[in-house]
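Trainee: What follows is the file final_1.tsv, containing TSV, C-alpha atoms:
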```
chain	number	residue	atom	x	y	z
A	1	MET	CA	111.17	88.06	28.16
A	2	ASP	CA	111.56	84.56	29.55
A	3	ARG	CA	110.67	82.85	32.77
A	4	LEU	CA	113.81	81.25	34.22
A	5	VAL	CA	114.07	77.70	35.51
A	6	ASN	CA	117.00	77.74	37.91
A	7	THR	CA	119.32	75.22	39.52
A	8	VAL	CA	119.71	75.04	43.30
A	9	ARG	CA	123.17	73.96	44.45
A	10	PRO	CA	123.24	71.60	47.47
A	11	TYR	CA	126.47	72.70	49.18
A	12	ALA	CA	126.93	71.32	52.69
A	13	TRP	CA	126.81	74.76	54.37
A	14	GLY	CA	123.38	75.55	52.93
A	15	SER	CA	120.12	75.94	54.82
A	16	THR	CA	117.63	73.11	54.48
A	17	THR	CA	114.63	75.47	54.69
A	18	ALA	CA	115.37	79.04	53.52
A	19	ILE	CA	115.31	78.55	49.73
A	20	PRO	CA	112.35	76.11	49.82
A	21	GLU	CA	110.44	78.68	51.88
A	22	LEU	CA	111.29	81.41	49.34
A	23	LEU	CA	110.09	79.17	46.50
A	24	GLY	CA	107.01	77.96	48.34
A	25	ILE	CA	107.97	74.29	48.13
A	26	GLN	CA	108.50	71.54	50.67
A	27	PRO	CA	112.06	71.06	52.00
A	28	THR	CA	113.77	67.84	51.03
A	29	GLY	CA	115.85	67.64	54.18
A	30	GLU	CA	119.01	68.22	52.15
A	31	PRO	CA	120.98	71.52	52.27
A	32	GLN	CA	119.98	73.98	49.53
A	33	ALA	CA	122.68	76.62	49.45
A	34	GLU	CA	122.47	78.69	46.26
A	35	MET	CA	119.93	79.25	43.50
A	36	TRP	CA	121.75	80.40	40.35
A	37	MET	CA	120.15	82.78	37.86
A	38	GLY	CA	122.12	83.45	34.71
A	39	ALA	CA	124.22	81.76	32.07
A	40	HIS	CA	127.16	80.40	34.08
A	41	PRO	CA	128.33	77.17	32.39
A	42	GLY	CA	128.28	75.35	35.73
A	43	ALA	CA	124.50	75.66	36.09
A	44	PRO	CA	122.84	77.88	33.48
A	45	SER	CA	119.20	78.86	33.89
A	46	ARG	CA	116.85	77.40	31.31
A	47	VAL	CA	114.20	79.08	29.18
A	48	ASP	CA	111.53	77.87	26.78
A	49	ARG	CA	110.77	79.93	23.67
A	50	GLY	CA	108.51	77.36	22.15
A	51	ALA	CA	111.07	74.76	21.11
A	52	GLY	CA	111.54	73.13	24.50
A	53	SER	CA	113.77	73.84	27.45
A	54	THR	CA	117.09	75.42	26.46
A	55	ALA	CA	120.04	76.64	28.52
A	56	LEU	CA	120.21	80.43	28.65
A	57	SER	CA	123.91	80.13	27.81
A	58	GLU	CA	122.99	78.46	24.50
A	59	VAL	CA	120.36	81.11	23.72
A	60	ILE	CA	122.96	83.85	24.27
A	61	ALA	CA	125.64	82.02	22.28
A	62	ALA	CA	123.29	81.80	19.29
A	63	ASP	CA	122.76	85.59	19.17
A	64	PRO	CA	125.05	87.47	21.62
A	65	GLU	CA	124.28	90.99	20.39
A	66	GLY	CA	120.56	90.32	20.17
A	67	GLU	CA	120.38	89.00	23.74
A	68	LEU	CA	123.03	91.14	25.46
A	69	GLY	CA	123.26	94.27	23.30
A	70	ALA	CA	126.20	95.49	21.25
A	71	ASP	CA	127.66	97.56	24.09
A	72	SER	CA	127.78	94.64	26.51
A	73	VAL	CA	129.36	92.34	23.91
A	74	SER	CA	131.94	94.99	23.05
A	75	LEU	CA	132.91	95.44	26.71
A	76	PHE	CA	132.64	91.92	28.12
A	77	GLY	CA	132.50	89.54	25.18
A	78	PRO	CA	129.65	87.30	23.99
A	79	ARG	CA	128.54	86.12	27.44
A	80	LEU	CA	126.37	87.39	30.26
A	81	PRO	CA	128.94	89.20	32.46
A	82	PHE	CA	127.21	88.63	35.80
A	83	LEU	CA	125.64	85.85	37.84
A	84	LEU	CA	122.73	86.44	40.22
A	85	LYS	CA	122.14	84.10	43.16
A	86	VAL	CA	119.97	83.55	46.16
A	87	LEU	CA	122.38	82.43	48.88
A	88	ALA	CA	121.15	80.63	52.00
A	89	ALA	CA	123.88	79.95	54.57
A	90	ALA	CA	123.22	77.88	57.68
A	91	SER	CA	126.90	77.53	58.57
A	92	PRO	CA	130.08	79.44	57.64
A	93	LEU	CA	131.45	79.43	54.12
A	94	SER	CA	135.19	79.33	53.51
A	95	LEU	CA	137.32	82.35	54.34
A	96	GLN	CA	138.36	83.66	50.92
A	97	VAL	CA	139.58	86.49	48.73
A	98	HIS	CA	139.24	87.30	45.03
A	99	PRO	CA	141.97	88.59	42.65
A	100	ASP	CA	141.76	91.82	40.70
A	101	LEU	CA	141.53	91.65	36.91
A	102	ALA	CA	145.29	91.95	36.30
A	103	GLN	CA	146.07	89.25	38.89
A	104	ALA	CA	143.43	86.96	37.42
A	105	LYS	CA	144.80	87.32	33.90
A	106	GLU	CA	148.36	86.77	35.06
A	107	GLY	CA	147.51	83.81	37.31
A	108	PHE	CA	145.34	82.11	34.69
A	109	ALA	CA	147.99	82.52	31.98
A	110	ASP	CA	150.69	81.16	34.28
A	111	GLU	CA	148.71	78.04	35.20
A	112	GLU	CA	147.81	77.48	31.55
A	113	VAL	CA	151.49	77.65	30.54
A	114	ARG	CA	152.45	75.27	33.36
A	115	GLY	CA	149.77	72.83	32.23
A	116	VAL	CA	147.84	72.75	35.50
A	117	PRO	CA	144.66	70.78	34.71
A	118	ALA	CA	141.50	72.88	34.83
A	119	ASP	CA	139.93	70.51	37.36
A	120	ALA	CA	143.03	70.06	39.53
A	121	PRO	CA	142.23	70.62	43.23
A	122	HIS	CA	145.33	72.82	43.61
A	123	ARG	CA	144.43	75.08	40.66
A	124	ASN	CA	143.78	78.68	41.75
A	125	TYR	CA	142.53	80.35	38.56
A	126	LYS	CA	139.62	78.81	36.66
A	127	ASP	CA	139.40	81.77	34.26
A	128	ALA	CA	141.02	85.12	33.47
A	129	ASN	CA	138.37	87.30	35.10
A	130	HIS	CA	137.99	89.08	38.42
A	131	LYS	CA	135.12	88.30	40.81
A	132	PRO	CA	133.82	91.38	42.65
A	133	GLU	CA	130.53	90.66	44.40
A	134	LEU	CA	127.67	92.24	46.31
A	135	ILE	CA	125.48	90.54	48.90
A	136	CYS	CA	122.12	92.07	49.89
A	137	ALA	CA	120.39	90.69	52.97
A	138	LEU	CA	116.85	89.31	52.81
A	139	THR	CA	117.05	88.28	56.49
A	140	PRO	CA	119.56	89.33	59.16
A	141	PHE	CA	122.84	88.21	57.60
A	142	ASN	CA	126.15	87.71	59.43
A	143	GLY	CA	129.58	87.78	57.86
A	144	LEU	CA	133.24	88.68	58.11
A	145	CYS	CA	134.62	91.41	55.87
A	146	GLY	CA	138.03	93.07	55.67
A	147	PHE	CA	140.72	93.47	58.29
A	148	ARG	CA	140.08	95.07	61.64
A	149	ASP	CA	142.38	97.75	62.93
A	150	PRO	CA	145.45	95.76	64.12
A	151	ASN	CA	145.21	97.22	67.63
A	152	GLU	CA	141.59	96.07	67.92
A	153	ALA	CA	142.51	92.63	66.59
A	154	ALA	CA	145.31	92.49	69.18
A	155	GLU	CA	142.81	93.36	71.91
A	156	LEU	CA	140.46	90.56	70.83
A	157	LEU	CA	143.28	88.02	70.70
A	158	ALA	CA	144.74	89.11	74.04
A	159	ALA	CA	141.37	88.75	75.78
A	160	LEU	CA	141.36	85.05	74.87
A	161	GLU	CA	144.34	84.59	77.21
A	162	VAL	CA	145.89	81.82	75.11
A	163	ASP	CA	149.68	81.74	75.49
A	164	SER	CA	150.37	80.68	71.89
A	165	LEU	CA	148.51	83.76	70.61
A	166	LYS	CA	150.66	86.25	72.56
A	167	PRO	CA	153.34	86.54	69.83
A	168	TYR	CA	150.61	87.60	67.37
A	169	VAL	CA	149.39	90.22	69.84
A	170	ASP	CA	152.92	91.64	70.09
A	171	ILE	CA	153.32	91.74	66.31
A	172	LEU	CA	150.03	93.55	65.84
A	173	HIS	CA	151.10	96.20	68.34
A	174	ALA	CA	154.69	96.54	67.14
A	175	HIS	CA	154.62	96.79	63.35
A	176	PRO	CA	153.08	99.14	60.79
A	177	GLU	CA	149.60	98.02	59.80
A	178	SER	CA	150.28	96.28	56.48
A	179	HIS	CA	153.36	94.44	57.80
A	180	ALA	CA	151.61	93.43	61.01
A	181	LEU	CA	148.58	91.96	59.26
A	182	ARG	CA	150.70	90.17	56.66
A	183	GLU	CA	153.06	88.71	59.26
A	184	VAL	CA	150.30	87.44	61.52
A	185	LEU	CA	148.19	85.94	58.72
A	186	THR	CA	151.30	84.23	57.30
A	187	ALA	CA	152.22	82.85	60.72
A	188	VAL	CA	148.72	81.53	61.34
A	189	LEU	CA	148.43	79.78	57.96
A	190	THR	CA	151.92	78.26	58.04
A	191	ALA	CA	151.94	77.14	61.70
A	192	ASP	CA	152.47	73.51	62.68
A	193	PRO	CA	149.02	71.91	62.17
A	194	GLU	CA	148.98	70.06	65.51
A	195	ALA	CA	150.10	73.10	67.47
A	196	MET	CA	147.56	75.31	65.67
A	197	ALA	CA	144.77	72.80	66.34
A	198	GLU	CA	145.50	73.05	70.07
A	199	THR	CA	145.60	76.86	69.85
A	200	VAL	CA	142.21	76.81	68.14
A	201	ARG	CA	140.80	74.47	70.80
A	202	GLN	CA	141.88	76.82	73.60
A	203	ALA	CA	140.73	79.91	71.72
A	204	THR	CA	137.33	78.32	71.09
A	205	ALA	CA	136.74	77.65	74.77
A	206	ALA	CA	137.74	81.23	75.61
A	207	ALA	CA	135.51	82.67	72.85
A	208	GLU	CA	132.54	80.70	74.17
A	209	ARG	CA	133.17	82.15	77.64
A	210	LEU	CA	133.56	85.72	76.39
A	211	GLY	CA	130.55	85.45	74.10
A	212	ALA	CA	128.37	84.63	77.09
A	213	GLN	CA	129.45	87.81	78.89
A	214	ASP	CA	127.99	91.27	78.41
A	215	GLY	CA	130.56	93.17	76.36
A	216	PRO	CA	130.89	95.08	73.09
A	217	HIS	CA	132.60	92.16	71.34
A	218	ALA	CA	130.32	89.41	72.70
A	219	PRO	CA	128.53	88.86	69.33
A	220	ALA	CA	131.87	88.53	67.55
A	221	TYR	CA	133.20	86.02	70.09
A	222	THR	CA	129.97	84.03	69.78
A	223	ALA	CA	130.44	84.00	65.99
A	224	TYR	CA	134.07	82.85	66.28
A	225	ALA	CA	133.06	80.04	68.63
A	226	SER	CA	130.38	78.95	66.17
A	227	ILE	CA	132.90	79.01	63.31
A	228	ALA	CA	135.26	76.84	65.35
A	229	ARG	CA	132.54	74.28	66.05
A	230	HIS	CA	132.09	73.87	62.30
A	231	TYR	CA	135.84	73.89	61.56
A	232	PRO	CA	137.61	72.45	64.64
A	233	GLY	CA	141.36	72.95	64.53
A	234	ASP	CA	141.27	75.02	61.33
A	235	PRO	CA	143.76	77.94	61.31
A	236	GLY	CA	141.08	80.00	59.60
A	237	VAL	CA	139.38	80.30	63.00
A	238	ILE	CA	142.28	82.46	64.23
A	239	ALA	CA	142.54	84.29	60.90
A	240	ALA	CA	138.84	85.16	61.25
A	241	ILE	CA	139.55	87.11	64.44
A	242	LEU	CA	141.61	89.53	62.36
A	243	LEU	CA	138.47	90.44	60.37
A	244	ASN	CA	135.50	92.70	60.99
A	245	PHE	CA	132.31	91.00	62.14
A	246	VAL	CA	129.25	92.55	60.47
A	247	THR	CA	125.49	91.98	60.61
A	248	LEU	CA	123.39	93.19	57.70
A	249	GLN	CA	119.73	93.96	58.26
A	250	PRO	CA	117.22	93.18	55.48
A	251	GLY	CA	117.77	95.58	52.58
A	252	GLU	CA	121.38	96.35	53.54
A	253	ALA	CA	124.22	95.16	51.33
A	254	LEU	CA	127.96	94.63	51.39
A	255	TYR	CA	130.28	95.15	48.41
A	256	LEU	CA	133.39	92.96	48.28
A	257	GLY	CA	136.13	94.12	45.94
A	258	ALA	CA	139.43	92.49	45.03
A	259	GLY	CA	141.81	91.53	47.80
A	260	VAL	CA	139.30	91.79	50.65
A	261	PRO	CA	139.21	88.67	52.85
A	262	HIS	CA	135.67	87.68	53.76
A	263	ALA	CA	133.33	84.87	54.75
A	264	TYR	CA	129.56	84.58	54.94
A	265	LEU	CA	128.38	83.01	58.19
A	266	ASP	CA	124.60	82.67	58.13
A	267	GLY	CA	121.48	84.23	56.63
A	268	LEU	CA	119.56	84.57	53.36
A	269	GLY	CA	120.60	87.08	50.73
A	270	VAL	CA	120.62	88.06	47.07
A	271	GLU	CA	124.15	87.95	45.67
A	272	ILE	CA	125.47	89.29	42.38
A	273	MET	CA	128.99	88.84	41.04
A	274	ALA	CA	131.11	89.02	37.95
A	275	ASN	CA	130.89	85.73	36.07
A	276	SER	CA	134.06	84.10	37.42
A	277	ASP	CA	135.12	81.14	39.59
A	278	ASN	CA	138.39	82.62	40.87
A	279	VAL	CA	138.76	82.14	44.63
A	280	LEU	CA	141.86	82.11	46.85
A	281	ARG	CA	141.03	80.44	50.17
A	282	CYS	CA	142.37	81.50	53.57
A	283	GLY	CA	140.92	78.71	55.70
A	284	LEU	CA	137.65	77.28	57.03
A	285	THR	CA	137.80	74.69	54.30
A	286	PRO	CA	139.27	71.25	53.52
A	287	LYS	CA	140.16	72.59	50.06
A	288	HIS	CA	143.57	73.73	48.88
A	289	VAL	CA	145.05	76.87	50.49
A	290	ASP	CA	147.91	78.32	48.40
A	291	VAL	CA	149.54	80.60	50.96
A	292	PRO	CA	152.12	82.29	48.66
A	293	GLU	CA	149.50	83.10	46.01
A	294	LEU	CA	147.04	84.19	48.67
A	295	LEU	CA	149.58	86.64	50.11
A	296	ARG	CA	150.09	88.08	46.62
A	297	VAL	CA	146.36	88.79	46.27
A	298	VAL	CA	145.29	89.94	49.77
A	299	ARG	CA	145.25	93.68	50.42
A	300	PHE	CA	146.68	94.16	53.89
A	301	GLU	CA	144.83	97.26	54.97
A	302	SER	CA	142.18	97.75	57.64
A	303	ALA	CA	138.82	99.32	56.92
A	304	ALA	CA	135.35	99.21	58.44
A	305	PRO	CA	132.85	97.31	56.26
A	306	ALA	CA	131.10	99.68	53.86
A	307	VAL	CA	127.47	98.74	54.41
A	308	LEU	CA	125.35	99.93	51.48
A	309	ARG	CA	121.76	101.05	51.60
A	310	PRO	CA	119.71	101.50	48.43
A	311	GLU	CA	119.41	105.02	47.03
A	312	ALA	CA	116.14	105.83	45.25
A	313	ASP	CA	116.04	107.79	42.00
A	314	PRO	CA	113.00	109.76	40.75
A	315	SER	CA	111.59	106.66	39.02
A	316	GLY	CA	111.46	104.79	42.32
A	317	GLU	CA	114.27	102.38	41.48
A	318	GLU	CA	116.56	101.84	44.49
A	319	LEU	CA	120.21	101.34	43.49
A	320	TYR	CA	123.09	99.69	45.33
A	321	THR	CA	126.00	101.76	44.03
A	322	THR	CA	129.25	99.91	43.22
A	323	PRO	CA	132.33	100.76	41.10
A	324	ILE	CA	131.93	97.70	38.87
A	325	ASP	CA	130.91	97.68	35.19
A	326	GLU	CA	129.95	94.00	34.93
A	327	PHE	CA	126.92	94.27	37.19
A	328	ARG	CA	124.39	96.67	38.63
A	329	LEU	CA	121.92	95.62	41.33
A	330	SER	CA	118.79	97.56	42.24
A	331	ARG	CA	115.36	96.84	43.64
A	332	HIS	CA	111.82	97.98	43.00
A	333	VAL	CA	109.37	98.07	45.91
A	334	LEU	CA	105.98	98.03	44.22
A	335	ALA	CA	102.56	98.90	45.63
A	336	ASP	CA	99.29	97.50	44.38
A	337	GLY	CA	97.43	99.98	42.19
A	338	ALA	CA	100.48	102.14	41.39
A	339	ALA	CA	101.35	102.98	37.81
A	340	PRO	CA	103.50	100.40	35.97
A	341	ARG	CA	107.20	101.11	36.36
A	342	PRO	CA	109.11	101.06	33.04
A	343	LEU	CA	112.48	99.33	32.95
A	344	PRO	CA	115.40	100.69	30.89
A	345	ALA	CA	116.11	98.45	27.90
A	346	THR	CA	119.80	99.26	27.48
A	347	GLY	CA	121.23	95.92	28.57
A	348	PRO	CA	120.34	92.34	29.53
A	349	GLN	CA	118.30	92.05	32.72
A	350	ILE	CA	117.44	89.37	35.26
A	351	LEU	CA	114.50	90.13	37.56
A	352	LEU	CA	113.90	88.25	40.82
A	353	CYS	CA	110.67	88.58	42.77
A	354	ALA	CA	111.75	88.49	46.42
A	355	SER	CA	108.33	89.10	47.98
A	356	GLY	CA	104.69	89.41	46.99
A	357	GLU	CA	103.41	88.94	43.44
A	358	VAL	CA	104.25	91.15	40.47
A	359	SER	CA	103.67	91.30	36.75
A	360	LEU	CA	106.26	91.89	34.03
A	361	ARG	CA	104.61	93.30	30.92
A	362	GLY	CA	106.30	93.55	27.52
A	363	ALA	CA	105.45	93.78	23.85
A	364	ASP	CA	104.72	90.03	23.73
A	365	GLY	CA	102.39	89.95	26.70
A	366	GLU	CA	102.47	89.60	30.47
A	367	LEU	CA	104.58	87.37	32.70
A	368	PRO	CA	103.43	86.97	36.34
A	369	LEU	CA	106.14	86.40	38.92
A	370	LYS	CA	105.55	85.03	42.41
A	371	ARG	CA	107.98	85.08	45.31
A	372	GLY	CA	111.15	83.26	44.31
A	373	GLU	CA	110.45	83.37	40.56
A	374	SER	CA	112.70	85.12	38.05
A	375	ALA	CA	112.83	86.26	34.45
A	376	PHE	CA	115.35	87.21	31.77
A	377	VAL	CA	114.74	90.29	29.61
A	378	PRO	CA	117.03	90.62	26.55
A	379	ALA	CA	118.70	93.92	25.75
A	380	GLY	CA	116.49	96.29	23.80
A	381	GLU	CA	113.23	94.72	24.92
A	382	GLU	CA	110.82	97.17	26.54
A	383	ALA	CA	109.18	95.99	29.77
A	384	ALA	CA	107.43	97.38	32.83
A	385	LEU	CA	106.75	96.14	36.36
A	386	SER	CA	103.56	96.37	38.37
A	387	GLY	CA	101.96	94.59	41.32
A	388	ASP	CA	102.55	94.35	45.05
A	389	GLY	CA	105.99	93.11	45.99
A	390	THR	CA	109.76	93.59	45.87
A	391	VAL	CA	111.79	92.86	42.74
A	392	PHE	CA	115.57	92.82	42.45
A	393	ARG	CA	116.89	93.90	39.07
A	394	ALA	CA	120.31	92.77	37.84
A	395	THR	CA	121.89	94.24	34.72
A	396	VAL	CA	125.20	95.63	33.49
A	397	ASN	CA	126.58	98.90	34.82
A	398	ALA	CA	128.15	100.05	31.57
```
Using the file provided, produce a representation of the structure as structure tokens.

Mentor:
Amino acid sequence: MDRLVNTVRPYAWGSTTAIPELLGIQPTGEPQAEMWMGAHPGAPSRVDRGAGSTALSEVIAADPEGELGADSVSLFGPRLPFLLKVLAAASPLSLQVHPDLAQAKEGFADEEVRGVPADAPHRNYKDANHKPELICALTPFNGLCGFRDPNEAAELLAALEVDSLKPYVDILHAHPESHALREVLTAVLTADPEAMAETVRQATAAAERLGAQDGPHAPAYTAYASIARHYPGDPGVIAAILLNFVTLQPGEALYLGAGVPHAYLDGLGVEIMANSDNVLRCGLTPKHVDVPELLRVVRFESAAPAVLRPEADPSGEELYTTPIDEFRLSRHVLADGAAPRPLPATGPQILLCASGEVSLRGADGELPLKRGESAFVPAGEEAALSGDGTVFRATVNA
């Protein structure tokens, strides 16, 4: 087992205080958005097995079956198939959607054949993998997830009383669900930029007014107004109104499968995802938005967000159930003086101490973990947890 030294990514939307507070260090004043734990080539964690600091990706590459287990290598290849993060959002992330595995393979192959440079700003597919993800709240966490019922979206748009939005209201009322959502999203993202900027300006003022009133949708209007202040004139502000607004309480999670449009707005959470960089953006970003490819990937169907709560098994492990093989996220809430809790050794594991202080004991000794610290346990290595705190456990689901 190895203590991980992790990289914190300074994206502009990140909180300046949340991750430093988790780690028990002084803020720098700069945004600190994501702490990455894993072997992603963009920012692999580092370990030291006595020969100096080494990237976890290099350790795995030197002995894939020894570090990951034969089953994981057979299913996902000689790489860690998931990436664990602490995500700290102080302002909205881009509105985005992820492809399914078939779409990712097809899109990646097409861009490779066409010779689109890997670092080109208009490239959609960085790899041939899908990117399902799960976010678990450590603090109250706000986001957008999946399409609202079109009639409810029409009601929200109509209440803004903006003339240029009235055609969208009519479409949402007049067409079958999938056609209505597709037509409105297409119209929003392909509208004249100057005309859309004025629509967003008027809608923002109306959302601020409605958010200040006492009504069932006041929190959503307040969120839309906040989004617009960060992205003035962006068509994604109107697209966001088509989506469900959701608040996760600490311990609750949200699973985001392929084709589901979503955006994280604010809060601190633990995020796990398949090890991919494939993102199709829908707005709230200065980056490239490929509308035709986006429309190919989005699933135009409404559904209430499926908020997950951990389910405990007899061992005390609390699991967030998802249909994905590449990752499995659970947590252990440990009490001081309780018996050590053995961890299955069937696959590679990353453990993150989210609160308190715990001890990870294995055949080679004991590794203490404080709040914000993490460890990697190779496949086949026996280990057990004890102490007083909460530990998130990431591994494969195969």

Trainee: Could you please determine the separation between atom CA of A:Pro176 and atom CA of A:Val289 in Å, to one decimal place?

Mentor: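 Distance reported for this atom pair: 25.8 Å.
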
Trainee: Tell me, in Å to one decimal, how far atom CA of A:Pro41 is from atom CA of A:Arg9.

Mentor: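 These atoms are spaced 13.5 Å apart.
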
Trainee: Pick the closest to A:Leu84 from A:Cys282, A:Ala228, A:Val396, A:Leu308: which is it, counting all atoms listed in the file?

Mentor: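 That would be A:Val396, the residue with the smallest distance to A:Leu84.
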
Trainee: Using only C-alpha atoms, pick whichever of A:Leu351, A:Ile60, A:Ala312, A:Ala239 has the shortest atom-to-atom distance to A:Thr395.

Mentor: A:Leu351

Trainee: Can you tell me, as an NGL selection string, which residues sit within 8 Å of (137.9, 86.4, 55.3) in the file's frame, using all atoms listed in the file?

Mentor: :A and (94-97 or 144-146 or 239-240 or 243 or 260-263 or 282)

Trainee: Grab the atom CA of A:Ala274 to atom CA of A:Ala394 distance for me, in Å with one decimal place.

Mentor: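 A separation of 11.4 Å between them.
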
Trainee: Taking the block just given, write stretch 35-42 of chain A to a file that holds all heavy atoms, as a short mmCIF file (atom, residue, chain, number, x, y, z; two decimals), in the first residue's frame.

Mentor:
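Result went into decode.cif, see below:
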```cif
data_model
loop_
_atom_site.label_atom_id
_atom_site.label_comp_id
_atom_site.auth_asym_id
_atom_site.auth_seq_id
_atom_site.Cartn_x
_atom_site.Cartn_y
_atom_site.Cartn_z
N MET A 35 -8.68 17.83 -6.98
CA MET A 35 -7.54 17.03 -6.57
C MET A 35 -7.69 15.65 -7.20
O MET A 35 -8.68 14.96 -6.93
CB MET A 35 -7.46 16.92 -5.04
CG MET A 35 -6.23 16.12 -4.57
SD MET A 35 -6.01 16.15 -2.77
CE MET A 35 -7.32 15.00 -2.26
N TRP A 36 -6.72 15.25 -8.03
CA TRP A 36 -6.80 14.00 -8.77
C TRP A 36 -6.07 12.90 -8.03
O TRP A 36 -4.91 13.07 -7.61
CB TRP A 36 -6.18 14.18 -10.15
CG TRP A 36 -7.01 15.01 -11.10
CD1 TRP A 36 -7.98 15.91 -10.77
CD2 TRP A 36 -6.91 15.01 -12.52
NE1 TRP A 36 -8.51 16.48 -11.92
CE2 TRP A 36 -7.87 15.94 -13.00
CE3 TRP A 36 -6.12 14.32 -13.43
CZ2 TRP A 36 -8.04 16.20 -14.35
CZ3 TRP A 36 -6.28 14.58 -14.79
CH2 TRP A 36 -7.24 15.50 -15.24
N MET A 37 -6.72 11.75 -7.94
CA MET A 37 -6.15 10.56 -7.31
C MET A 37 -6.26 9.40 -8.29
O MET A 37 -7.36 8.94 -8.59
CB MET A 37 -6.89 10.24 -6.00
CG MET A 37 -6.68 11.28 -4.91
SD MET A 37 -7.95 11.21 -3.62
CE MET A 37 -9.29 12.06 -4.45
N GLY A 38 -5.13 8.96 -8.80
CA GLY A 38 -5.16 7.88 -9.77
C GLY A 38 -3.95 7.92 -10.67
O GLY A 38 -2.89 8.45 -10.32
N ALA A 39 -4.12 7.37 -11.88
CA ALA A 39 -3.00 7.24 -12.81
C ALA A 39 -3.31 7.89 -14.15
O ALA A 39 -2.78 7.47 -15.18
CB ALA A 39 -2.66 5.76 -13.00
N HIS A 40 -4.17 8.91 -14.15
CA HIS A 40 -4.47 9.62 -15.40
C HIS A 40 -3.20 10.29 -15.90
O HIS A 40 -2.48 10.93 -15.12
CB HIS A 40 -5.57 10.65 -15.16
CG HIS A 40 -6.11 11.26 -16.42
ND1 HIS A 40 -5.41 12.18 -17.16
CD2 HIS A 40 -7.27 11.05 -17.09
CE1 HIS A 40 -6.12 12.53 -18.22
NE2 HIS A 40 -7.25 11.86 -18.21
N PRO A 41 -2.88 10.17 -17.20
CA PRO A 41 -1.62 10.74 -17.70
C PRO A 41 -1.53 12.24 -17.54
O PRO A 41 -0.43 12.80 -17.52
CB PRO A 41 -1.60 10.32 -19.18
CG PRO A 41 -3.02 9.97 -19.52
CD PRO A 41 -3.62 9.43 -18.26
N GLY A 42 -2.68 12.93 -17.41
CA GLY A 42 -2.66 14.38 -17.26
C GLY A 42 -2.11 14.83 -15.93
O GLY A 42 -1.52 15.92 -15.83
#
```
